[in-house]
file data_1.tsv (TSV, C-alpha atoms)
chain	number	residue	atom	x	y	z
A	1	MET	CA	20.00	-25.11	29.82
A	2	LYS	CA	16.78	-23.11	29.45
A	3	LYS	CA	16.58	-20.79	26.41
A	4	ILE	CA	14.43	-17.63	26.48
A	5	TYR	CA	13.90	-15.84	23.16
A	6	ILE	CA	13.17	-12.10	23.20
A	7	PRO	CA	12.76	-10.00	20.02
A	8	MET	CA	14.64	-6.69	20.22
A	9	ILE	CA	12.01	-4.89	18.14
A	10	ARG	CA	8.59	-5.30	19.74
A	11	TYR	CA	6.24	-2.74	18.21
A	12	GLY	CA	2.86	-3.02	19.88
A	13	ASP	CA	4.41	-3.81	23.27
A	14	LYS	CA	3.48	-0.81	25.43
A	15	ASP	CA	6.75	-0.71	27.41
A	16	PHE	CA	8.88	-1.02	24.26
A	17	ASP	CA	6.86	1.59	22.36
A	18	GLU	CA	7.03	4.11	25.20
A	19	ALA	CA	10.81	3.64	25.42
A	20	PHE	CA	11.09	3.94	21.62
A	21	LEU	CA	9.44	7.37	21.78
A	22	GLY	CA	12.53	8.61	23.60
A	23	TRP	CA	14.90	7.92	20.71
A	24	GLY	CA	13.05	6.73	17.60
A	25	PHE	CA	11.28	9.94	16.60
A	26	GLN	CA	13.58	12.66	17.87
A	27	ASN	CA	14.73	14.10	14.55
A	28	VAL	CA	11.40	15.70	13.67
A	29	GLU	CA	12.82	18.14	11.11
A	30	GLU	CA	14.49	15.31	9.18
A	31	GLN	CA	11.29	13.29	9.19
A	32	VAL	CA	9.22	16.25	8.00
A	33	GLN	CA	11.79	16.75	5.22
A	34	THR	CA	11.33	13.11	4.22
A	35	GLY	CA	7.64	13.83	3.81
A	36	LYS	CA	8.48	16.82	1.62
A	37	ASN	CA	10.87	14.72	-0.44
A	38	ILE	CA	8.07	12.31	-1.25
A	39	LEU	CA	5.95	15.20	-2.47
A	40	ASN	CA	8.91	16.24	-4.66
A	41	ILE	CA	8.70	12.80	-6.24
A	42	ILE	CA	4.92	12.61	-6.57
A	43	ARG	CA	4.10	16.01	-7.98
A	44	ARG	CA	0.32	15.89	-7.79
A	45	LYS	CA	-2.31	17.92	-5.96
A	46	ASP	CA	-5.11	16.70	-3.72
A	47	LEU	CA	-3.59	13.30	-3.03
A	48	ASN	CA	-5.34	10.70	-0.91
A	49	ILE	CA	-2.40	9.12	0.96
A	50	LEU	CA	-2.17	5.87	2.92
A	51	ASP	CA	0.90	5.68	5.18
A	52	LEU	CA	1.71	2.14	6.35
A	53	GLY	CA	3.66	1.90	9.60
A	54	CYS	CA	3.14	5.61	10.20
A	55	GLY	CA	4.64	5.83	13.69
A	56	VAL	CA	3.79	9.16	15.34
A	57	GLY	CA	3.02	10.82	12.00
A	58	ASN	CA	5.83	13.37	11.76
A	59	TYR	CA	5.83	13.02	7.96
A	60	HIS	CA	2.17	13.94	7.82
A	61	ARG	CA	2.77	17.57	8.71
A	62	ALA	CA	4.31	18.17	5.31
A	63	TRP	CA	1.38	16.49	3.57
A	64	THR	CA	-1.50	18.13	5.41
A	65	GLU	CA	0.09	21.57	4.98
A	66	GLU	CA	-0.18	21.01	1.22
A	67	GLY	CA	-3.84	20.03	1.51
A	68	HIS	CA	-3.48	16.28	1.00
A	69	LYS	CA	-5.78	13.79	2.73
A	70	VAL	CA	-3.89	11.31	4.94
A	71	THR	CA	-4.68	7.97	6.58
A	72	GLY	CA	-2.03	6.48	8.88
A	73	VAL	CA	-1.88	2.84	10.00
A	74	ASP	CA	0.34	1.51	12.78
A	75	PHE	CA	0.40	-1.55	15.03
A	76	SER	CA	1.37	0.54	18.07
A	77	GLU	CA	-1.47	1.99	20.10
A	78	THR	CA	1.06	4.30	21.77
A	79	PHE	CA	2.23	5.74	18.44
A	80	ILE	CA	-1.31	6.14	17.09
A	81	PHE	CA	-2.47	7.96	20.23
A	82	LEU	CA	0.38	10.46	20.00
A	83	ALA	CA	-0.04	10.89	16.23
A	84	GLY	CA	-3.74	11.65	16.64
A	85	ASN	CA	-3.02	14.35	19.20
A	86	THR	CA	-0.32	15.89	16.99
A	87	ASN	CA	-2.19	15.77	13.66
A	88	PRO	CA	-5.93	16.14	14.35
A	89	GLY	CA	-6.79	16.36	10.65
A	90	VAL	CA	-5.43	12.89	9.87
A	91	THR	CA	-7.31	9.59	10.10
A	92	TYR	CA	-5.37	7.09	12.24
A	93	ILE	CA	-5.98	3.36	12.49
A	94	ASN	CA	-4.41	1.08	15.11
A	95	GLU	CA	-3.89	-2.08	13.08
A	96	ASN	CA	-1.19	-4.32	11.65
A	97	TYR	CA	-0.63	-2.93	8.15
A	98	TYR	CA	-0.47	-6.45	6.74
A	99	ASP	CA	-4.14	-6.78	7.64
A	100	VAL	CA	-5.57	-3.69	5.92
A	101	GLU	CA	-7.92	-4.47	3.06
A	102	TYR	CA	-8.37	-1.29	1.05
A	103	GLU	CA	-9.33	-1.63	-2.60
A	104	ALA	CA	-8.43	1.11	-5.10
A	105	GLU	CA	-8.96	4.00	-2.64
A	106	PHE	CA	-5.63	5.86	-2.58
A	107	ASP	CA	-3.46	7.86	-4.96
A	108	LEU	CA	-0.31	7.22	-2.94
A	109	VAL	CA	0.76	4.49	-0.50
A	110	THR	CA	3.94	5.01	1.54
A	111	LEU	CA	6.19	2.80	3.66
A	112	ILE	CA	8.72	5.09	5.34
A	113	ASP	CA	11.76	4.01	7.31
A	114	ILE	CA	10.58	0.41	6.98
A	115	PRO	CA	12.15	-2.00	4.48
A	116	LEU	CA	10.13	-3.85	1.88
A	117	GLU	CA	10.60	-7.41	3.09
A	118	ASP	CA	8.11	-9.53	1.15
A	119	ASP	CA	5.41	-9.60	-1.49
A	120	ASP	CA	2.59	-9.52	1.10
A	121	ILE	CA	3.11	-5.85	1.94
A	122	ALA	CA	3.66	-5.02	-1.74
A	123	ARG	CA	0.30	-6.62	-2.48
A	124	VAL	CA	-1.40	-4.62	0.31
A	125	ALA	CA	-0.07	-1.43	-1.28
A	126	TYR	CA	-1.05	-2.49	-4.80
A	127	ASN	CA	-4.61	-3.34	-3.79
A	128	ALA	CA	-5.05	-0.07	-1.90
A	129	LEU	CA	-4.00	2.07	-4.88
A	130	LYS	CA	-6.23	3.48	-7.56
A	131	PRO	CA	-5.09	2.82	-11.17
A	132	GLY	CA	-2.28	5.27	-11.86
A	133	GLY	CA	-1.37	5.47	-8.18
A	134	SER	CA	2.13	5.19	-6.70
A	135	PHE	CA	3.74	3.10	-4.00
A	136	VAL	CA	6.76	4.84	-2.45
A	137	PHE	CA	9.04	3.24	0.11
A	138	GLN	CA	12.53	3.80	1.48
A	139	ALA	CA	15.33	1.30	1.05
A	140	ALA	CA	18.70	1.29	2.81
A	141	ASN	CA	21.75	1.63	0.60
A	142	PRO	CA	24.06	-1.32	1.39
A	143	LYS	CA	26.99	0.57	-0.17
A	144	TYR	CA	26.65	3.64	2.07
A	145	GLN	CA	30.18	4.62	3.07
A	146	HIS	CA	29.34	5.26	6.75
A	147	ALA	CA	27.49	1.96	7.18
A	148	ARG	CA	30.49	-0.29	6.74
A	149	GLY	CA	31.00	-0.94	10.42
A	150	PRO	CA	30.36	-3.94	12.68
A	151	LEU	CA	26.62	-3.99	11.98
A	152	THR	CA	27.21	-4.56	8.27
A	153	GLN	CA	29.97	-7.12	8.61
A	154	ASN	CA	29.74	-10.76	9.61
A	155	ASN	CA	31.17	-11.12	13.10
A	156	ARG	CA	30.87	-12.99	16.37
A	157	ALA	CA	32.18	-11.78	19.73
A	158	TRP	CA	32.45	-13.24	23.22
A	159	LYS	CA	32.54	-11.29	26.50
A	160	GLU	CA	32.67	-12.24	30.18
A	161	ASN	CA	30.85	-9.74	32.41
A	162	GLU	CA	31.81	-8.70	35.94
A	163	ASP	CA	28.87	-10.65	37.42
A	164	ARG	CA	30.19	-13.85	35.82
A	165	THR	CA	27.55	-13.89	33.12
A	166	PHE	CA	28.60	-14.20	29.50
A	167	LEU	CA	27.59	-12.42	26.31
A	168	LEU	CA	27.88	-13.82	22.80
A	169	THR	CA	26.94	-11.53	19.92
A	170	ARG	CA	26.33	-12.73	16.38
A	171	ASN	CA	25.86	-10.47	13.38
A	172	GLU	CA	25.69	-12.28	10.04
A	173	TYR	CA	24.12	-11.97	6.63
A	174	ASN	CA	22.00	-14.93	5.59
A	175	GLU	CA	22.39	-15.00	1.81
A	176	ASP	CA	19.76	-17.69	1.33
A	177	ILE	CA	16.95	-15.38	2.45
A	178	ASP	CA	18.55	-11.91	2.02
A	179	ARG	CA	18.47	-11.19	5.75
A	180	TRP	CA	20.73	-9.56	8.31
A	181	GLU	CA	20.57	-11.49	11.58
A	182	TYR	CA	21.70	-9.97	14.88
A	183	GLU	CA	21.59	-11.86	18.17
A	184	GLU	CA	22.81	-11.35	21.73
A	185	TRP	CA	23.12	-14.51	23.81
A	186	HIS	CA	23.17	-13.71	27.55
A	187	LEU	CA	24.41	-16.81	29.38
A	188	ASN	CA	23.77	-17.11	33.11
A	189	ILE	CA	25.51	-20.22	34.43
A	190	GLU	CA	24.10	-19.93	37.96
A	191	LYS	CA	20.50	-19.76	36.69
A	192	ASN	CA	21.20	-22.35	34.00
A	193	GLU	CA	19.55	-20.21	31.33
A	194	ILE	CA	20.29	-18.38	28.11
A	195	GLU	CA	18.38	-15.22	27.22
A	196	ILE	CA	18.53	-14.62	23.47
A	197	GLU	CA	17.67	-11.20	22.08
A	198	HIS	CA	17.34	-11.13	18.31
A	199	SER	CA	16.63	-8.77	15.45
A	200	PHE	CA	16.21	-9.67	11.79
A	201	ALA	CA	15.97	-7.33	8.79
A	202	ARG	CA	15.87	-8.20	5.11
A	203	ASN	CA	18.08	-6.13	2.84
A	204	LEU	CA	16.79	-6.98	-0.61
A	205	SER	CA	18.83	-6.43	-3.75
A	206	TYR	CA	17.55	-4.08	-6.45
A	207	SER	CA	16.63	-6.99	-8.68
A	208	ARG	CA	14.79	-8.80	-5.87
A	209	MET	CA	12.71	-5.69	-5.06
A	210	VAL	CA	11.81	-5.29	-8.72
A	211	ASP	CA	10.82	-8.96	-8.95
A	212	ILE	CA	8.52	-8.64	-5.94
A	213	LEU	CA	6.86	-5.48	-7.20
A	214	LEU	CA	6.32	-6.83	-10.70
A	215	SER	CA	4.94	-10.10	-9.31
A	216	VAL	CA	2.03	-8.33	-7.59
A	217	GLY	CA	1.15	-6.26	-10.66
A	218	PHE	CA	3.08	-2.98	-10.58
A	219	ALA	CA	3.78	-1.76	-14.10
A	220	SER	CA	6.97	0.28	-13.77
A	221	ILE	CA	9.57	0.84	-11.07
A	222	SER	CA	12.18	3.54	-10.53
A	223	PHE	CA	14.80	4.40	-7.90
A	224	LEU	CA	15.05	8.09	-6.95
A	225	ASP	CA	16.79	10.38	-4.49
A	226	GLY	CA	15.00	12.93	-2.32
A	227	SER	CA	14.87	15.55	-5.06
A	228	GLY	CA	13.20	13.16	-7.49
A	229	ARG	CA	16.32	12.57	-9.60
A	230	ALA	CA	17.29	9.10	-10.78
A	231	TYR	CA	19.29	7.30	-8.10
A	232	ASP	CA	22.70	5.88	-8.96
A	233	THR	CA	22.60	2.34	-7.57
A	234	GLY	CA	26.38	2.32	-7.42
A	235	SER	CA	26.57	5.39	-5.16
A	236	ASP	CA	28.03	5.14	-1.67
A	237	THR	CA	27.11	8.67	-0.53
A	238	LEU	CA	23.39	8.27	0.29
A	239	SER	CA	22.23	6.24	3.30
A	240	SER	CA	18.89	5.47	1.66
A	241	TYR	CA	16.86	6.09	-1.47
A	242	PHE	CA	13.25	5.88	-2.61
A	243	CYS	CA	11.72	3.17	-4.72
A	244	VAL	CA	8.63	4.23	-6.68
A	245	ALA	CA	6.31	1.63	-8.17
A	246	TYR	CA	3.39	2.64	-10.38
A	247	LYS	CA	0.06	0.88	-10.70
A	248	GLY	CA	-0.45	1.29	-14.41
A	249	GLU	CA	0.56	4.37	-16.37
A	250	TYR	CA	-0.66	7.95	-16.06
call {"tool": "encode", "arguments": {"input": "data_1.tsv", "output": "structure tokens"}}
result
Amino acid sequence: MKKIYIPMIRYGDKDFDEAFLGWGFQNVEEQVQTGKNILNIIRRKDLNILDLGCGVGNYHRAWTEEGHKVTGVDFSETFIFLAGNTNPGVTYINENYYDVEYEAEFDLVTLIDIPLEDDDIARVAYNALKPGGSFVFQAANPKYQHARGPLTQNNRAWKENEDRTFLLTRNEYNEDIDRWEYEEWHLNIEKNEIEIEHSFARNLSYSRMVDILLSVGFASISFLDGSGRAYDTGSDTLSSYFCVAYKGEY
């Protein structure tokens, strides 16, 4: 039986990106508030900010209004085009953020609504920062009380469709590599093929994130809520929190 593998998340694919615009960036006010929350954490004036995976740049409105200089990087040409039309004062670069090669140019590097998955992106951020700069990224709270549904529980399900095709879903946590794995297997007996849609996301522990950040050279690391207060890692009331890593001390 022929197997066809299709990633569910396909940033950079024009059709996927255009469809994503219809649902991925709709809560503009919330995204602008996220930008303001980061400024609550990094209380400095005249920042030079690098935003990795910037999307359509909704966060940037909060930053440019305060007079900060912003550079946004995203793999999606569709997102970058829209961001440039929305925020004409921002520099936008259509590139994979793993490939940027800045050296000590920015006061702040951000990774918003994207998990820290490996030391490669942490190293990109570290290299781009000036001494005394900050790397701020969001991390999902695995203990969030409203997230304890099917997508955060190991499960497999089988369904027969009306057209005599079959659907197998698999959602499991791979402890060996700290990764949630979600797959949909669409079986078509008549065509003798299986179409497999998949999505993977790493959900690193606090200690693993700290290990990664320290390994690339960051000097101190803290976990904070949107108001800049210390985050209680045992809390189940916040869906996400901010991790702040400093390159040296102020």
call {"tool": "atom_distance", "arguments": {"input": "data_1.tsv", "atom1": "CA of Ile112 in chain A", "atom2": "CA of His198 in chain A"}}
result
22.5 Å
call {"tool": "closest_residue", "arguments": {"input": "data_1.tsv", "among": "A:Gly67, A:Gly53, A:His60, A:Val136", "to": "Glu95 in chain A", "atoms": "all atoms listed in the file"}}
result
A:Gly53
call {"tool": "atom_distance", "arguments": {"input": "data_1.tsv", "atom1": "CA of Ala62 in chain A", "atom2": "CA of Phe16 in chain A"}}
result
27.4 Å
call {"tool": "residues_around", "arguments": {"input": "data_1.tsv", "residues": "Glu195 in chain A", "least_positions_apart": "5", "cutoff": "9 Å", "atoms": "all atoms listed in the file", "output": "ChimeraX atom specification"}}
result
/A:2-6,184-188
call {"tool": "closest_residue", "arguments": {"input": "data_1.tsv", "among": "A:Glu160, A:Glu190, A:Asp51, A:Asp74", "to": "Ser134 in chain A", "atoms": "only C-alpha atoms"}}
result
A:Asp51
call {"tool": "decode", "arguments": {"input": "data_1.tsv", "residues": "range 215-234 of chain A", "atoms": "N, CA and C atoms", "output": "tab-separated table (two decimals), in the first residue's frame"}}
result
chain	number	residue	atom	x	y	z
A	215	SER	N	23.82	26.13	27.66
A	215	SER	CA	24.81	25.48	26.80
A	215	SER	C	25.31	26.38	25.68
A	216	VAL	N	24.48	27.36	25.26
A	216	VAL	CA	24.92	28.25	24.18
A	216	VAL	C	25.53	29.54	24.72
A	217	GLY	N	25.51	29.73	26.05
A	217	GLY	CA	26.23	30.85	26.63
A	217	GLY	C	25.43	31.85	27.43
A	218	PHE	N	24.09	31.70	27.51
A	218	PHE	CA	23.30	32.64	28.29
A	218	PHE	C	23.68	32.54	29.77
A	219	ALA	N	23.71	33.71	30.42
A	219	ALA	CA	24.23	33.77	31.78
A	219	ALA	C	23.17	33.52	32.85
A	220	SER	N	21.96	34.00	32.66
A	220	SER	CA	20.92	33.82	33.66
A	220	SER	C	19.57	33.69	32.97
A	221	ILE	N	18.68	32.94	33.59
A	221	ILE	CA	17.40	32.61	32.98
A	221	ILE	C	16.30	32.76	34.02
A	222	SER	N	15.17	33.34	33.61
A	222	SER	CA	14.04	33.49	34.51
A	222	SER	C	12.75	33.21	33.77
A	223	PHE	N	11.72	32.81	34.53
A	223	PHE	CA	10.39	32.55	33.97
A	223	PHE	C	9.44	33.58	34.56
A	224	LEU	N	8.72	34.29	33.66
A	224	LEU	CA	7.89	35.42	34.08
A	224	LEU	C	6.52	35.37	33.44
A	225	ASP	N	5.53	36.01	34.12
A	225	ASP	CA	4.22	36.16	33.50
A	225	ASP	C	4.20	37.47	32.71
A	226	GLY	N	3.03	37.80	32.15
A	226	GLY	CA	2.94	38.96	31.28
A	226	GLY	C	3.17	40.29	31.95
A	227	SER	N	3.07	40.35	33.26
A	227	SER	CA	3.30	41.60	33.98
A	227	SER	C	4.74	41.74	34.43
A	228	GLY	N	5.55	40.71	34.16
A	228	GLY	CA	6.95	40.74	34.56
A	228	GLY	C	7.21	40.14	35.92
A	229	ARG	N	6.18	39.56	36.56
A	229	ARG	CA	6.36	38.91	37.85
A	229	ARG	C	6.87	37.49	37.67
A	230	ALA	N	7.55	36.98	38.68
A	230	ALA	CA	8.07	35.62	38.63
A	230	ALA	C	6.92	34.64	38.40
A	231	TYR	N	7.13	33.70	37.52
A	231	TYR	CA	6.10	32.73	37.17
A	231	TYR	C	6.21	31.49	38.06
A	232	ASP	N	5.08	31.07	38.59
A	232	ASP	CA	5.01	29.87	39.42
A	232	ASP	C	4.92	28.66	38.51
A	233	THR	N	5.99	27.88	38.43
A	233	THR	CA	6.02	26.75	37.50
A	233	THR	C	5.04	25.64	37.88
A	234	GLY	N	4.44	25.75	39.04
A	234	GLY	CA	3.43	24.77	39.43
A	234	GLY	C	2.01	25.23	39.13
